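S.K.: Just one file: work_15.pdb, with PDB, C-alpha atoms, pLDDT in the B column.
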```pdb
ATOM      1  CA  MET A   1     -11.899-135.530 -45.369  1.00 71.00           C
ATOM      2  CA  LYS A   2     -12.963-134.454 -41.867  1.00 75.00           C
ATOM      3  CA  ILE A   3     -15.692-132.255 -43.329  1.00 83.00           C
ATOM      4  CA  LEU A   4     -17.139-135.226 -45.225  1.00 79.00           C
ATOM      5  CA  MET A   5     -17.161-137.309 -42.040  1.00 75.00           C
ATOM      6  CA  TRP A   6     -18.944-134.506 -40.163  1.00 78.00           C
ATOM      7  CA  ILE A   7     -21.540-134.198 -42.915  1.00 79.00           C
ATOM      8  CA  LEU A   8     -22.156-137.955 -42.931  1.00 75.00           C
ATOM      9  CA  GLY A   9     -22.609-137.840 -39.173  1.00 75.00           C
ATOM     10  CA  LEU A  10     -25.024-134.903 -39.245  1.00 76.00           C
ATOM     11  CA  VAL A  11     -27.314-136.019 -42.083  1.00 74.00           C
ATOM     12  CA  PRO A  12     -29.152-138.641 -39.961  1.00 69.00           C
ATOM     13  CA  VAL A  13     -29.689-136.093 -37.193  1.00 69.00           C
ATOM     14  CA  ILE A  14     -31.194-133.582 -39.605  1.00 69.00           C
ATOM     15  CA  GLY A  15     -33.373-136.271 -41.188  1.00 62.00           C
ATOM     16  CA  ALA A  16     -34.621-137.465 -37.824  1.00 59.00           C
ATOM     17  CA  PHE A  17     -35.931-134.010 -36.867  1.00 61.00           C
ATOM     18  CA  THR A  18     -38.116-133.360 -39.883  1.00 60.00           C
ATOM     19  CA  VAL A  19     -41.828-132.928 -39.374  1.00 56.00           C
ATOM     20  CA  VAL A  20     -44.498-134.696 -41.394  1.00 58.00           C
ATOM     21  CA  ASN A  21     -47.600-132.688 -42.260  1.00 56.00           C
ATOM     22  CA  ARG A  22     -50.083-135.158 -43.782  1.00 59.00           C
ATOM     23  CA  ILE A  23     -53.023-137.036 -42.371  1.00 66.00           C
ATOM     24  CA  HIS A  24     -52.885-140.554 -43.908  1.00 73.00           C
ATOM     25  CA  PRO A  25     -49.810-140.994 -46.079  1.00 77.00           C
ATOM     26  CA  TYR A  26     -48.605-144.541 -46.816  1.00 81.00           C
ATOM     27  CA  ILE A  27     -45.337-145.603 -48.418  1.00 81.00           C
ATOM     28  CA  PHE A  28     -44.878-149.266 -49.366  1.00 85.00           C
ATOM     29  CA  GLY A  29     -47.957-150.073 -47.292  1.00 86.00           C
ATOM     30  CA  LEU A  30     -46.503-148.558 -44.103  1.00 84.00           C
ATOM     31  CA  PRO A  31     -47.700-145.422 -42.345  1.00 84.00           C
ATOM     32  CA  LEU A  32     -45.310-142.597 -43.159  1.00 80.00           C
ATOM     33  CA  ILE A  33     -43.907-142.250 -39.651  1.00 79.00           C
ATOM     34  CA  VAL A  34     -43.079-145.982 -39.459  1.00 84.00           C
ATOM     35  CA  PHE A  35     -41.469-145.877 -42.906  1.00 85.00           C
ATOM     36  CA  TRP A  36     -39.556-142.712 -41.939  1.00 81.00           C
ATOM     37  CA  ALA A  37     -38.189-144.241 -38.725  1.00 83.00           C
ATOM     38  CA  THR A  38     -37.215-147.470 -40.505  1.00 88.00           C
ATOM     39  CA  ALA A  39     -35.578-145.619 -43.390  1.00 88.00           C
ATOM     40  CA  TRP A  40     -33.491-143.464 -41.051  1.00 84.00           C
ATOM     41  CA  LEU A  41     -32.502-146.480 -39.000  1.00 88.00           C
ATOM     42  CA  ILE A  42     -31.082-148.059 -42.144  1.00 92.00           C
ATOM     43  CA  LEU A  43     -29.590-144.812 -43.505  1.00 88.00           C
ATOM     44  CA  THR A  44     -27.900-144.023 -40.187  1.00 87.00           C
ATOM     45  CA  SER A  45     -26.203-147.416 -40.276  1.00 90.00           C
ATOM     46  CA  VAL A  46     -25.072-146.796 -43.858  1.00 91.00           C
ATOM     47  CA  PHE A  47     -23.697-143.329 -43.057  1.00 88.00           C
ATOM     48  CA  LEU A  48     -21.861-144.569 -39.969  1.00 88.00           C
ATOM     49  CA  SER A  49     -20.377-147.480 -41.940  1.00 92.00           C
ATOM     50  CA  ILE A  50     -19.095-145.094 -44.601  1.00 91.00           C
ATOM     51  CA  THR A  51     -17.646-142.846 -41.902  1.00 90.00           C
ATOM     52  CA  ASN A  52     -15.940-145.849 -40.273  1.00 91.00           C
ATOM     53  CA  ILE A  53     -14.395-146.861 -43.610  1.00 92.00           C
ATOM     54  CA  LEU A  54     -13.130-143.310 -44.160  1.00 89.00           C
ATOM     55  CA  ILE A  55     -11.608-143.171 -40.667  1.00 89.00           C
ATOM     56  CA  ASP A  56      -9.893-146.551 -41.179  1.00 92.00           C
ATOM     57  CA  ARG A  57      -8.420-145.404 -44.488  1.00 91.00           C
ATOM     58  CA  GLN A  58      -7.200-142.173 -42.898  1.00 87.00           C
ATOM     59  CA  GLU A  59      -5.508-144.087 -40.051  1.00 89.00           C
ATOM     60  CA  GLU A  60      -3.817-146.486 -42.503  1.00 88.00           C
ATOM     61  CA  ARG A  61      -2.188-143.530 -44.287  1.00 86.00           C
ATOM     62  CA  LYS A  62      -0.562-142.298 -41.072  1.00 77.00           C
TER      63      LYS A  62
END
```
Would you mind writing the file out in C-alpha coordinates?
M.R.:
Amino acid sequence: MKILMWILGLVPVIGAFTVVNRIHPYIFGLPLIVFWATAWLILTSVFLSITNILIDRQEERK
(Lines of atoms letter the chains of each structure in order from A and count residues from 1; the text may use other names and numbers.)
(Lines give C-alpha, C1' and ligand atoms only; values in the text may rest on other atoms or scores of the structure.)
Protein backbone atom coordinates (compact mmCIF):
# COMPACT_ATOMS: atom_id res chain seq x y z
CA MET A 1 0.00 0.00 0.00
CA LYS A 2 2.84 2.41 0.81
CA ILE A 3 4.44 1.73 -2.57
CA LEU A 4 1.20 2.70 -4.34
CA MET A 5 1.03 5.94 -2.36
CA TRP A 6 4.65 6.74 -3.27
CA ILE A 7 3.97 6.07 -6.94
CA LEU A 8 0.87 8.28 -6.91
CA GLY A 9 2.92 11.03 -5.31
CA LEU A 10 5.78 10.76 -7.80
CA VAL A 11 3.80 10.59 -11.05
CA PRO A 12 2.94 14.33 -11.07
CA VAL A 13 6.58 15.22 -10.43
CA ILE A 14 7.75 13.09 -13.34
CA GLY A 15 5.04 14.51 -15.60
CA ALA A 16 5.92 18.07 -14.68
CA PHE A 17 9.55 17.67 -15.78
CA THR A 18 8.96 16.42 -19.30
CA VAL A 19 10.20 18.50 -22.19
CA VAL A 20 8.13 19.41 -25.22
CA ASN A 21 9.92 19.43 -28.57
CA ARG A 22 7.47 20.94 -31.08
CA ILE A 23 7.07 24.40 -32.51
CA HIS A 24 3.29 25.06 -32.69
CA PRO A 25 1.32 22.18 -31.21
CA TYR A 26 -2.27 22.84 -30.06
CA ILE A 27 -4.52 20.57 -28.03
CA PHE A 28 -8.18 21.53 -27.60
CA GLY A 29 -7.31 24.97 -28.95
CA LEU A 30 -4.67 25.62 -26.27
CA PRO A 31 -0.93 25.87 -26.81
CA LEU A 32 0.67 22.63 -25.66
CA ILE A 33 2.48 24.12 -22.68
CA VAL A 34 -0.73 25.70 -21.34
CA PHE A 35 -2.63 22.44 -21.84
CA TRP A 36 0.22 20.50 -20.20
CA ALA A 37 0.30 22.76 -17.12
CA THR A 38 -3.49 22.66 -16.77
CA ALA A 39 -3.64 18.89 -17.21
CA TRP A 40 -0.98 18.30 -14.55
CA LEU A 41 -2.68 20.72 -12.19
CA ILE A 42 -5.84 18.62 -12.44
CA LEU A 43 -4.01 15.26 -12.40
CA THR A 44 -1.96 16.24 -9.34
CA SER A 45 -5.17 17.01 -7.47
CA VAL A 46 -6.62 13.65 -8.52
CA PHE A 47 -3.50 11.72 -7.46
CA LEU A 48 -3.32 13.50 -4.11
CA SER A 49 -7.03 12.84 -3.48
CA ILE A 50 -6.54 9.14 -4.18
CA THR A 51 -3.52 9.09 -1.87
CA ASN A 52 -5.54 10.83 0.86
CA ILE A 53 -8.33 8.25 0.54
CA LEU A 54 -5.80 5.41 0.77
CA ILE A 55 -4.19 6.93 3.87
CA ASP A 56 -7.60 7.39 5.54
CA ARG A 57 -8.53 3.77 4.84
CA GLN A 58 -5.19 2.59 6.22
CA GLU A 59 -5.67 4.61 9.43
CA GLU A 60 -9.22 3.26 9.90
CA ARG A 61 -7.87 -0.31 9.87
CA LYS A 62 -5.49 0.41 12.75
S.K.: Take the PyMOL selection byres ((chain A and resi 48) around 12), run it mentally on this structure, and tell me the resulting residues as number ranges by chain.
M.R.: A: 4-13, 40-47, 49-55
S.K.: What does the distance from atom CA of Ile3 of chain A to atom CA of Gln58 of chain A come to in Å, to one decimal?
M.R.: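 Interatomic distance, atom CA of Ile3 of chain A to atom CA of Gln58 of chain A: 13.1 Å.
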S.K.: Distance atom CA of Ala39 of chain A-atom CA of Ile27 of chain A, one decimal place?
M.R.: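 Atom CA of Ile27 of chain A lies at a distance of 11.0 Å from atom CA of Ala39 of chain A.
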S.K.: Could you give me the centre and size, in Å to one decimal, of an axis-aligned box around all listed atoms of segment 22-31 of chain A with 5 Å added on every side, as JSON?
M.R.:
```
{"center_x": -49.0, "center_y": -142.6, "center_z": -45.9, "size_x": 18.1, "size_y": 24.9, "size_z": 17.0}
```
S.K.: Just give me the gap between atom CA of Arg61 of chain A and atom CA of Lys2 of chain A in Å, one decimal is fine.
M.R.: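 Those two atoms sit 14.3 Å apart.
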S.K.: Complete the atoms of segment 2-13 of chain A to all heavy atoms and put them out as a short mmCIF file (atom, residue, chain, number, x, y, z; two decimals), in the frame of the given file.
M.R.:
```cif
data_model
loop_
_atom_site.label_atom_id
_atom_site.label_comp_id
_atom_site.auth_asym_id
_atom_site.auth_seq_id
_atom_site.Cartn_x
_atom_site.Cartn_y
_atom_site.Cartn_z
N LYS A 2 -12.24 -134.60 -43.13
CA LYS A 2 -12.96 -134.45 -41.87
C LYS A 2 -14.33 -133.81 -42.09
O LYS A 2 -15.29 -134.16 -41.41
CB LYS A 2 -12.16 -133.62 -40.87
CG LYS A 2 -11.03 -134.37 -40.24
CD LYS A 2 -10.40 -133.56 -39.15
CE LYS A 2 -9.30 -134.36 -38.48
NZ LYS A 2 -8.75 -133.67 -37.33
N ILE A 3 -14.41 -132.90 -43.05
CA ILE A 3 -15.69 -132.26 -43.33
C ILE A 3 -16.69 -133.28 -43.84
O ILE A 3 -17.86 -133.27 -43.43
CB ILE A 3 -15.50 -131.10 -44.34
CG1 ILE A 3 -14.69 -129.99 -43.70
CG2 ILE A 3 -16.85 -130.58 -44.81
CD1 ILE A 3 -14.31 -128.88 -44.65
N LEU A 4 -16.26 -134.17 -44.71
CA LEU A 4 -17.14 -135.23 -45.22
C LEU A 4 -17.63 -136.12 -44.09
O LEU A 4 -18.81 -136.48 -44.05
CB LEU A 4 -16.42 -136.05 -46.29
CG LEU A 4 -17.20 -137.21 -46.89
CD1 LEU A 4 -18.45 -136.70 -47.60
CD2 LEU A 4 -16.33 -138.00 -47.84
N MET A 5 -16.76 -136.46 -43.16
CA MET A 5 -17.16 -137.31 -42.04
C MET A 5 -18.17 -136.59 -41.15
O MET A 5 -19.12 -137.18 -40.66
CB MET A 5 -15.93 -137.75 -41.24
CG MET A 5 -15.10 -138.79 -41.98
SD MET A 5 -13.77 -139.44 -41.01
CE MET A 5 -12.54 -138.19 -41.26
N TRP A 6 -17.99 -135.28 -40.95
CA TRP A 6 -18.94 -134.51 -40.16
C TRP A 6 -20.31 -134.45 -40.86
O TRP A 6 -21.34 -134.58 -40.21
CB TRP A 6 -18.43 -133.09 -39.93
CG TRP A 6 -17.56 -132.99 -38.72
CD1 TRP A 6 -16.20 -132.98 -38.70
CD2 TRP A 6 -17.98 -132.93 -37.37
NE1 TRP A 6 -15.74 -132.91 -37.41
CE2 TRP A 6 -16.83 -132.87 -36.57
CE3 TRP A 6 -19.22 -132.91 -36.75
CZ2 TRP A 6 -16.89 -132.79 -35.19
CZ3 TRP A 6 -19.27 -132.83 -35.38
CH2 TRP A 6 -18.12 -132.78 -34.61
N ILE A 7 -20.28 -134.25 -42.16
CA ILE A 7 -21.54 -134.20 -42.92
C ILE A 7 -22.26 -135.53 -42.84
O ILE A 7 -23.48 -135.58 -42.61
CB ILE A 7 -21.27 -133.79 -44.37
CG1 ILE A 7 -20.83 -132.33 -44.43
CG2 ILE A 7 -22.52 -133.99 -45.23
CD1 ILE A 7 -20.34 -131.88 -45.79
N LEU A 8 -21.54 -136.63 -43.01
CA LEU A 8 -22.16 -137.96 -42.93
C LEU A 8 -22.71 -138.23 -41.54
O LEU A 8 -23.69 -138.95 -41.38
CB LEU A 8 -21.15 -139.04 -43.33
CG LEU A 8 -20.81 -139.11 -44.81
CD1 LEU A 8 -19.69 -140.12 -45.04
CD2 LEU A 8 -22.03 -139.47 -45.63
N GLY A 9 -22.11 -137.67 -40.53
CA GLY A 9 -22.61 -137.84 -39.17
C GLY A 9 -23.81 -136.97 -38.85
O GLY A 9 -24.65 -137.33 -38.03
N LEU A 10 -23.93 -135.82 -39.52
CA LEU A 10 -25.02 -134.90 -39.24
C LEU A 10 -26.28 -135.16 -40.07
O LEU A 10 -27.37 -134.79 -39.65
CB LEU A 10 -24.56 -133.46 -39.47
CG LEU A 10 -23.58 -132.93 -38.44
CD1 LEU A 10 -23.12 -131.54 -38.84
CD2 LEU A 10 -24.20 -132.90 -37.06
N VAL A 11 -26.15 -135.78 -41.22
CA VAL A 11 -27.31 -136.02 -42.08
C VAL A 11 -28.40 -136.82 -41.37
O VAL A 11 -29.58 -136.45 -41.43
CB VAL A 11 -26.89 -136.68 -43.41
CG1 VAL A 11 -28.09 -137.19 -44.18
CG2 VAL A 11 -26.11 -135.70 -44.25
N PRO A 12 -28.09 -137.92 -40.67
CA PRO A 12 -29.15 -138.64 -39.96
C PRO A 12 -29.84 -137.80 -38.88
O PRO A 12 -31.04 -137.93 -38.67
CB PRO A 12 -28.43 -139.83 -39.33
CG PRO A 12 -27.23 -140.03 -40.17
CD PRO A 12 -26.83 -138.66 -40.62
N VAL A 13 -29.10 -136.93 -38.24
CA VAL A 13 -29.69 -136.09 -37.19
C VAL A 13 -30.68 -135.11 -37.81
O VAL A 13 -31.79 -134.93 -37.31
CB VAL A 13 -28.59 -135.34 -36.42
CG1 VAL A 13 -29.19 -134.35 -35.44
CG2 VAL A 13 -27.68 -136.32 -35.72
#
```
